[in-house]
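Colleague: Shown below is the structure under consideration.
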Amino acid sequence: MAKVAVKIVGTGAGAGALVAEHPGGVFISNYAYMHLQQPIARTPGIGNTQIFGQREYAMRIWMDPVRMTGMNLTASDVIAAIQRPDKLANRRFPGDQQQQLTVITPGELTTPEEFENIIIRANQNGGVVRIKDIGTVELAAQQYTTTAGLDGSPSATLALYQTPNANALAVARSVEQQMKTLSKQFPPGLKYAIVYNATNFVSANIVEIVRTLAITLVLVVLVVFLFLQDWRATLIPTIAIPVSLIGVFAVLYVLGYSANTVDLFAIVLAITLVVDDAIVVVENVTRTLQQDPKLSVAEATNVAMAEITGPVIATTLVLVAVFAPVGFVSGVTGALYRQFAVTISVSVVISGINALSLSPALCALLLRPPKPTRFVGFRWFNRGFGVARDGYGWAVGLLSRRLLLGSLGLVVAFGIGYLLLERTPSAFLPAEDQGYFFVNIQTPNGASLGRTQAVVDQVGKTLRNTPGVAHSIELGGFSIVAGAQEPNAGTVIAIMKPWAGRSASESIPSVIAKLAPVFNAMPTAQIVSFNPPAIPGLSAAGGINYVLEARNGQSPAELAAASRALIYAANQDPNLSSVFTSFSASMPQILVTVDTTRASLLGVTPAAVYAVLQANLGSQFVNLFNYQNFVFQVIVQAQQQFRNQVNDIGQLYVRSSSGAMVPLNALVKITTVQGADSINAYNEYPAVLVNGSASAGKSSGQAIAAMEQVGTQHLPQGFGYDWTGMSYQELQSAGQESAAFVFAVIFSYLFMVALYESWTLPLSVVLPVIFAVIGGLLALMVRGMALDVYGQIGLVLLIGLAAKNAILIVEFAKDRLERGDITVMQAADEGARTRYRPVMMTALAFIIGVIPLVIATGAGAGGRVSIGTTVFGGMILASFVGTLFVPMLFVGFEVLSDRASRLFRRRSTEHPAE
């Protein structure tokens with residue numbers, strides 16, 4: 001049974017299958033071309049279509065050189081006969097005065113029988129030579145250089161690529177609906193099945209994120225209820241969640257953003273953020289009611305809002321200020337940053353507005369004076385929380401009295417943070433299980449397509465017998481790495497089962513690791529499996545994308561030798577694995593050299609010799625013909641038995657100027673050489689693309705650094721290198737994240753300088769951020785993960801979150817100190833104890849709320865785990881360690897500022913202005 005694979009592409013690649021009982025792949029390939037590719041290409045949102053293994057119809061004239069030589073004919077005579085005009089244009093001839101008639105002639109040739117009867121030569125005796133006398137004609141394929149199969153059966157693979165701004169899910173649904181409609185027109189025995197759809201990854205990713213959203217929402221509400229211990233009080237911050245999220249989606253829609261995975265990541269985190277301000281409001285109103293039971297709920301709300309309006313505004317604007325610098329990050333990284341920043345910024349702004357308007361109104365309506373807790377579990381929790389608060393107060397007091405000890409601890413923390421930043425491996429994007437992976441096959445130089453196809457079939461069978469793999473798409477004669485058609489190259493696309501139906505051992509990294517020794521044991525070819533890039537379109541393959549360049553005009557052989565030495569050395573490096581290239585300068589080739597002197601003496605031009613070689617060996621396009629309202633090519637070529645051996649070249653004949661037939665073995669010298677079938681250029685230099693992966697436990701950043709070191713040590717003089725694809729983007733983004741992080745700290749600091757009208761007080765908020773950074777990096781290190789773009793976004797977010805906790809403490813201590821009758825140390829202690837509860841409530845709501853991200857699995861889990869791990873670890877350390885240093889720093893900078901002011905006043909008194 002033959003099949004045609006139909007690739008439906010959303011943000012990546014997809015595949016389906018057209019299955020038929022019709023023999024041969026030519027019919028199915030052309031059915032896909034004429035009846036599927038054309039109408040689907042007109043679908044809104046489809047930007048490009050491509051058929052892999054396409055066997056487009058052509059009228060094939062298979063010539064018999066021996067018979068042609070006997071009749072004194074050459075390929076040029078056949079071509080000229082086919083190109084000879086065979087019809088007249090329609091003419092109108094006048095008849096009598098009442099009638100005018102149109103004279104028509106037979107149209108263009110369309111059938112093999114009509115082409116067979118084309119007369120090549122005729123004589124006066126009535127003898128004619130037709131094409132059928134010197135060969136055969138058939139409606140066959142235009143090319144036989146590539147093949148396509150699905151699950152071991154012949155197929156044609158139709159790839160569909162969406163336009164940049166199209167909705168991937170909508171395009172996929174439209175194509176699926178159109179396939180259902182088109183299938184009604186299929187001939188008997190023909191059916192289709194969509195084997196892979198790239199938007200399944202998007203859909204599964206969205207499902208996973210929505211599930212995470214739901215779990216996060218439940219966890220956050222439970223944490224809030226645990227602290228507030230009143231369903232009325234819990235309802236107020238809970239209401240803030242849907243209000244804020246609806247506002248976020250509305251703003252994103254107005255700004256033209258789509259609900260992509262990056263935005264949904266941010267929304268998961270936004271759930272844990274939007275409750276913070278409402279929690280602060282409810283907690284402060286509840287505390288006010290507990291301290292002064294005589295106040296009504298409305299009065300308590302007014303008193304509480306007077307205390308926290310400033311901190312709520314400050315924390316909201318600080319979070320927005322933190323993300324302001326990311327708008328200046330360029331490239332792919334900048335695009336990811338901006339989408340995340342917009343989502344978070346909009347959510348916290350709406351949350352702040354809710355906290356200053358909706359939450360106070362709900363407090364006045366819903367809250368009741370607090371009553372003693374009856375539930376034993378709550379009493380135990382309150383007792384334990386009281387102990388924790390007392391311990392926190394004792395530690396704060398100790399550090400505030402021992403400023404030198406606290407300062408030394410902070411210096412040590414900055415040192416640890418620096419060391420962690422230096423030693424944490426970097427990466428661009430985490431590898432994702434997108435539901436498919438590639439297998440690149442390269443048979444020995446000079447291997448035929450048939451020999452390569454046997455290996456491709458073997459690899460496909462191995463994949464289909466591998467747990468977790470559902471289908472295999474086999475492409476013979478095509479290298480997806482080089483993007484070129486080569487007879488000794490092949491590609492197999494392994495289509496995985498749905499994520500929900502696979503265990504952890506059936507994830508793509510696990511499957512690739514299991515298949516590596518199996519493929520290495522196949523001696524017939526070099527076989528490498530690799531994941532597609534995390535962002536489709538950046539490169540053909542994930543991992544590292546290294547370009548070796550011959551910059552001093554070296555020959556292809558020298559370039560190949562340099563690449564072999566480089567790849568050998570790279571595969572010895574512990575940071576690198578599966579480094580390979582598809583380039584070779586050792587392809588067996590036949591060099592045909594024309595003896596121009598002898599050819600001239602015999603009346604033969606070199607151009608005539610080359611024309612004979614082209615038409616007989618390589619095929620030659622003649623003209624076009626119409627078939628079923630489509631235009632196809634007419635091609636001439638010698639029959640296969642006359643081009644099997646090298647000696648067959650010398651048996652071809654060319655006509656001299658005298659009309660005599662001259663054999664090529666009298667005119668040419670035939671030698672066997674080695675060379676490159678194709679040579680790519682990069683930055684105008686002859687270049688070789690080298691692909692590879694980071695070793696297990698190593699990051700792409702470490703792999704890039706290792707490859708650069710290997711190149712520096714082993715490349716001969718005159719050779720250089722560049723990066724392309726994912727590696728190029730990673731290097732382009734290097735440094736931008738550090739600058740964005742530094743400027744995020746600076747922006748938040750300057751904002752607080754303006755808010756507090758002090759250069760020193762904001763330092764008590766900014767400096768403890770280092771503990772959030774340490775926590776995030778430690779969490780990544782413990783899990784053996786690299787600091788990628790999502791982790792970097794998490795670090796930027798942690799700046800705002802850590803500053804938010806510190807502001808709640810510093811703002812209260814500052815206001816309490818300004819009211820007088822209290823020392824700086826007492827103000828710091830009171831601020832720490834009073835704000836300990838809301839700080840822990842918001843922190844634990846966030847920490848517990850991101851647990852679903854930390855343990856995420858399935859589609860898109862790589863990004864969720866990366867950002868979840870970073871913020872989880874960072875918030876733990878910032879909340880339980882960083883908050884210990886905030887009151888100490890407040891005391892230190894207030895004392896320093898007070899002493900500086902007194903010193904300035906004393907000097908002003910001693911030296912008054914004249």
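In the structure tokens, chains take letters A, B, ... by order of appearance, with residues numbered from 1 within each chain and ligands from 1 in the order shown.
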I'd like the neighbourhood of Val773 of chain A as JSON, numbers by chain, where a residue qualifies if any of its atoms comes within 8 Å (using only C-alpha atoms), though same-chain residues fewer than 2 positions away should be ignored.

Modeller: {"A": [417, 769, 770, 771, 775, 776, 777, 795, 798, 874]}

Colleague: Deliver the residues from the most recent selection as a file, using C-alpha atoms, as a compact mmCIF listing (two decimals), in the first residue's frame.

Modeller:
```
# COMPACT_ATOMS: atom_id res chain seq x y z
CA GLY A 417 26.36 35.23 44.22
CA VAL A 769 18.00 41.08 46.27
CA ILE A 770 21.28 39.16 46.17
CA PHE A 771 19.68 36.41 48.27
CA GLY A 775 18.45 31.05 45.73
CA GLY A 776 17.53 30.95 42.05
CA LEU A 777 21.01 29.89 40.96
CA LEU A 795 15.96 36.37 37.93
CA LEU A 798 12.95 38.02 41.48
CA GLY A 874 14.96 32.55 44.69
```

Colleague: Would you pick out the contacts of Ala856 of chain A at 10 Å or less, using only C-alpha atoms, so that residues sharing its chain but fewer than 2 positions from it are not included, and give the list as a PyMOL selection string?

Modeller: chain A and resi 208-209+212+850-854+858-866+868

Colleague: Okay, now the selection with N, CA and C atoms, as a short mmCIF file (atom, residue, chain, number, x, y, z; two decimals), in the first residue's frame?

Modeller:
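Full text of again-v5.cif as output:
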```cif
data_model
loop_
_atom_site.label_atom_id
_atom_site.label_comp_id
_atom_site.auth_asym_id
_atom_site.auth_seq_id
_atom_site.Cartn_x
_atom_site.Cartn_y
_atom_site.Cartn_z
N GLU A 208 -1.50 21.90 29.27
CA GLU A 208 -0.66 21.75 30.46
C GLU A 208 -0.62 23.04 31.26
N ILE A 209 -0.53 24.16 30.57
CA ILE A 209 -0.45 25.45 31.27
C ILE A 209 -1.78 25.77 31.94
N THR A 212 -1.95 23.80 34.94
CA THR A 212 -1.08 24.44 35.94
C THR A 212 -1.75 25.66 36.54
N VAL A 850 3.96 28.26 42.58
CA VAL A 850 4.80 27.92 41.42
C VAL A 850 5.27 26.47 41.45
N ILE A 851 4.91 25.71 42.49
CA ILE A 851 5.31 24.30 42.54
C ILE A 851 4.87 23.54 41.28
N PRO A 852 3.65 23.76 40.76
CA PRO A 852 3.29 23.05 39.51
C PRO A 852 4.26 23.34 38.36
N LEU A 853 4.86 24.53 38.35
CA LEU A 853 5.85 24.81 37.32
C LEU A 853 7.14 24.03 37.57
N VAL A 854 7.51 23.92 38.81
CA VAL A 854 8.77 23.23 39.16
C VAL A 854 8.72 21.76 38.77
N GLY A 858 5.46 16.91 30.37
CA GLY A 858 4.65 16.97 29.15
C GLY A 858 5.15 18.04 28.19
N ALA A 859 4.26 18.45 27.30
CA ALA A 859 4.62 19.41 26.25
C ALA A 859 4.99 20.75 26.86
N GLY A 860 6.12 21.30 26.42
CA GLY A 860 6.55 22.61 26.88
C GLY A 860 7.04 22.65 28.30
N ALA A 861 7.34 21.48 28.88
CA ALA A 861 7.75 21.44 30.28
C ALA A 861 9.11 22.09 30.50
N GLY A 862 9.98 22.08 29.49
CA GLY A 862 11.32 22.63 29.64
C GLY A 862 11.31 24.07 30.10
N GLY A 863 10.52 24.90 29.42
CA GLY A 863 10.45 26.31 29.79
C GLY A 863 9.80 26.52 31.14
N ARG A 864 8.74 25.76 31.42
CA ARG A 864 8.04 25.93 32.70
C ARG A 864 8.93 25.52 33.87
N VAL A 865 9.65 24.42 33.70
CA VAL A 865 10.54 23.96 34.77
C VAL A 865 11.67 24.96 35.00
N SER A 866 12.19 25.51 33.92
CA SER A 866 13.32 26.45 34.04
C SER A 866 12.93 27.69 34.83
N GLY A 868 10.17 28.13 36.63
CA GLY A 868 9.61 27.76 37.93
C GLY A 868 10.68 27.45 38.95
#
```

Colleague: Based on DSSP run over this structure's backbone, return all residues of segment 705-799 of chain A in helix (DSSP H, G or I), as a VMD selection string.

Modeller: chain A and resid 705 to 714 725 to 733 736 to 756 763 to 766 769 to 782 789 to 799

Colleague: What separation in Å, quoted to one decimal, exists between atom CA of Ala324 of chain A and atom CA of Ala744 of chain A?

Modeller: 7.2 Å

Colleague: Determine, counting only C-alpha atoms, which protein, DNA and RNA residues have an atom within 9 Å of an atom of Pro887 of chain A; residues of the same chain fewer than 3 positions away are not included. Present the result as a ChimeraX atom specification.

Modeller: /A:396-397,399-400,764,806,809-810,813,825,827-829,831-832,883-884,890-892

Colleague: Output N, CA and C atoms for every residue in the selection just made, as a short mmCIF file (atom, residue, chain, number, x, y, z; two decimals), in the first residue's frame.

Modeller:
```cif
data_model
loop_
_atom_site.label_atom_id
_atom_site.label_comp_id
_atom_site.auth_asym_id
_atom_site.auth_seq_id
_atom_site.Cartn_x
_atom_site.Cartn_y
_atom_site.Cartn_z
N VAL A 396 16.36 39.36 63.75
CA VAL A 396 16.43 40.74 63.24
C VAL A 396 17.09 41.64 64.29
N GLY A 397 16.68 41.48 65.54
CA GLY A 397 17.28 42.29 66.60
C GLY A 397 18.77 42.04 66.74
N LEU A 399 20.90 41.00 64.38
CA LEU A 399 21.61 41.61 63.26
C LEU A 399 21.62 43.14 63.36
N SER A 400 20.50 43.71 63.85
CA SER A 400 20.42 45.16 63.97
C SER A 400 21.40 45.68 65.01
N SER A 764 18.55 49.62 51.41
CA SER A 764 18.06 48.57 52.31
C SER A 764 17.03 47.69 51.62
N ALA A 806 10.72 43.70 50.78
CA ALA A 806 11.50 44.64 51.57
C ALA A 806 10.77 45.97 51.73
N ILE A 809 8.35 46.15 54.66
CA ILE A 809 8.99 46.32 55.97
C ILE A 809 9.56 47.72 56.12
N VAL A 810 10.29 48.19 55.11
CA VAL A 810 10.95 49.49 55.19
C VAL A 810 9.94 50.63 55.27
N ALA A 813 8.50 50.75 58.80
CA ALA A 813 9.49 51.24 59.76
C ALA A 813 9.77 52.73 59.55
N MET A 825 16.16 51.44 65.88
CA MET A 825 16.15 49.98 66.07
C MET A 825 14.77 49.49 66.44
N ALA A 827 11.96 50.96 65.61
CA ALA A 827 11.13 51.09 64.40
C ALA A 827 11.36 49.92 63.46
N ALA A 828 12.63 49.55 63.31
CA ALA A 828 12.94 48.42 62.43
C ALA A 828 12.35 47.13 62.99
N ASP A 829 12.47 46.93 64.31
CA ASP A 829 11.93 45.72 64.93
C ASP A 829 10.42 45.67 64.80
N GLY A 831 8.56 47.22 62.54
CA GLY A 831 8.22 47.01 61.13
C GLY A 831 8.38 45.58 60.72
N ALA A 832 9.46 44.95 61.19
CA ALA A 832 9.70 43.55 60.84
C ALA A 832 8.63 42.64 61.41
N THR A 883 14.88 38.64 54.10
CA THR A 883 14.10 39.53 54.97
C THR A 883 14.77 39.76 56.32
N LEU A 884 15.71 38.90 56.70
CA LEU A 884 16.45 39.11 57.95
C LEU A 884 17.38 40.32 57.84
N PHE A 890 18.13 48.79 57.11
CA PHE A 890 17.37 50.02 57.41
C PHE A 890 18.01 50.75 58.58
N VAL A 891 18.33 50.01 59.64
CA VAL A 891 18.97 50.62 60.80
C VAL A 891 20.32 51.20 60.42
N GLY A 892 21.12 50.43 59.71
CA GLY A 892 22.45 50.88 59.35
C GLY A 892 22.44 52.15 58.52
#
```

Colleague: Kindly provide the residues of segment 354-464 of chain A that approach segment 302-320 of chain A to within 9 Å, each paired with its closest atom pair and their distance in Å to one decimal, based on only C-alpha atoms, listed by chain and increasing number, as a tab-separated table.

Modeller:
```
residue	atom	partner	partner_atom	distance
A:Ala355	CA	A:Val312	CA	7.6
A:Leu356	CA	A:Thr309	CA	6.9
A:Pro360	CA	A:Met305	CA	7.6
```

Colleague: Limited to N, CA and C atoms, could you put the picked residues into a file as a CSV table (one decimal), in the first residue's frame?

Modeller:
```csv
chain,number,residue,atom,x,y,z
A,355,ALA,N,-6.3,46.6,44.4
A,355,ALA,CA,-6.0,46.7,45.8
A,355,ALA,C,-6.4,48.1,46.4
A,356,LEU,N,-6.4,49.1,45.6
A,356,LEU,CA,-6.7,50.5,46.1
A,356,LEU,C,-8.2,50.8,45.9
A,360,PRO,N,-10.6,47.3,49.1
A,360,PRO,CA,-11.1,48.0,50.2
A,360,PRO,C,-12.7,48.0,50.3
```

Colleague: At a cut-off of 7 Å, using only C-alpha atoms, what residues contact segment 62-78 of chain A? Leave out same-chain residues fewer than 6 positions from it and give the result as a list in words.

Modeller: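 Here the answer would be Ile120, Ile134, Gly135, Thr136, Val137, Val612, Ala615, Val636, Gln637, Ala638, Gln639, Leu652, Tyr653, Val654 and Met661 of chain A.
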
Colleague: DSSP on the backbone, strand (DSSP E or B) only: what residues of segment 411-491 of chain A does that give? Format it as a PyMOL selection string.

Modeller: chain A and resi 426+436-442+469-479+484-491

Colleague: Suppose you want the space between atom CA of Pro430 of chain A and atom CA of Tyr790 of chain A; what is it in Å?

Modeller: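 Separating atom CA of Pro430 of chain A from atom CA of Tyr790 of chain A is a distance of 8.3 Å.
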
Colleague: A:Tyr721, A:Tyr685, A:Tyr418, A:Tyr546: which is nearest Ala703 of chain A, counting only C-alpha atoms?

Modeller: A:Tyr546

Colleague: Contacts of Ala516 of chain A at 10 Å or less, counting only C-alpha atoms, minus same-chain residues fewer than 5 places along, as a list of chain:residue names?

Modeller: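 My reading of the contact set: A:Val511, A:Ala521, A:Ile527, A:Val528, A:Ser529, A:Ser578.
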
Colleague: Those residues you just picked out, can you put them in a file as a JSON list (two decimals), in the first residue's frame with N, CA, C and O atoms?

Modeller:
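Final output, saved to result28.json:
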```json
[["chain", "number", "residue", "atom", "x", "y", "z"],
["A", 511, "VAL", "N", 14.65, 8.57, 24.52],
["A", 511, "VAL", "CA", 14.60, 7.73, 23.32],
["A", 511, "VAL", "C", 15.86, 7.92, 22.49],
["A", 511, "VAL", "O", 16.46, 6.96, 21.99],
["A", 521, "ALA", "N", 25.83, 0.89, 16.06],
["A", 521, "ALA", "CA", 26.17, -0.49, 15.72],
["A", 521, "ALA", "C", 25.87, -0.81, 14.26],
["A", 521, "ALA", "O", 26.20, -1.91, 13.79],
["A", 527, "ILE", "N", 24.87, 7.52, 11.47],
["A", 527, "ILE", "CA", 23.49, 7.83, 11.83],
["A", 527, "ILE", "C", 23.49, 8.63, 13.13],
["A", 527, "ILE", "O", 24.06, 8.19, 14.13],
["A", 528, "VAL", "N", 22.87, 9.79, 13.11],
["A", 528, "VAL", "CA", 22.84, 10.67, 14.27],
["A", 528, "VAL", "C", 21.41, 11.13, 14.50],
["A", 528, "VAL", "O", 20.73, 11.57, 13.56],
["A", 529, "SER", "N", 20.95, 11.03, 15.74],
["A", 529, "SER", "CA", 19.61, 11.51, 16.11],
["A", 529, "SER", "C", 19.74, 12.84, 16.84],
["A", 529, "SER", "O", 20.68, 13.04, 17.62],
["A", 578, "SER", "N", 28.27, 13.75, 19.67],
["A", 578, "SER", "CA", 27.61, 13.60, 18.36],
["A", 578, "SER", "C", 27.90, 14.78, 17.44],
["A", 578, "SER", "O", 27.01, 15.31, 16.77]]
```
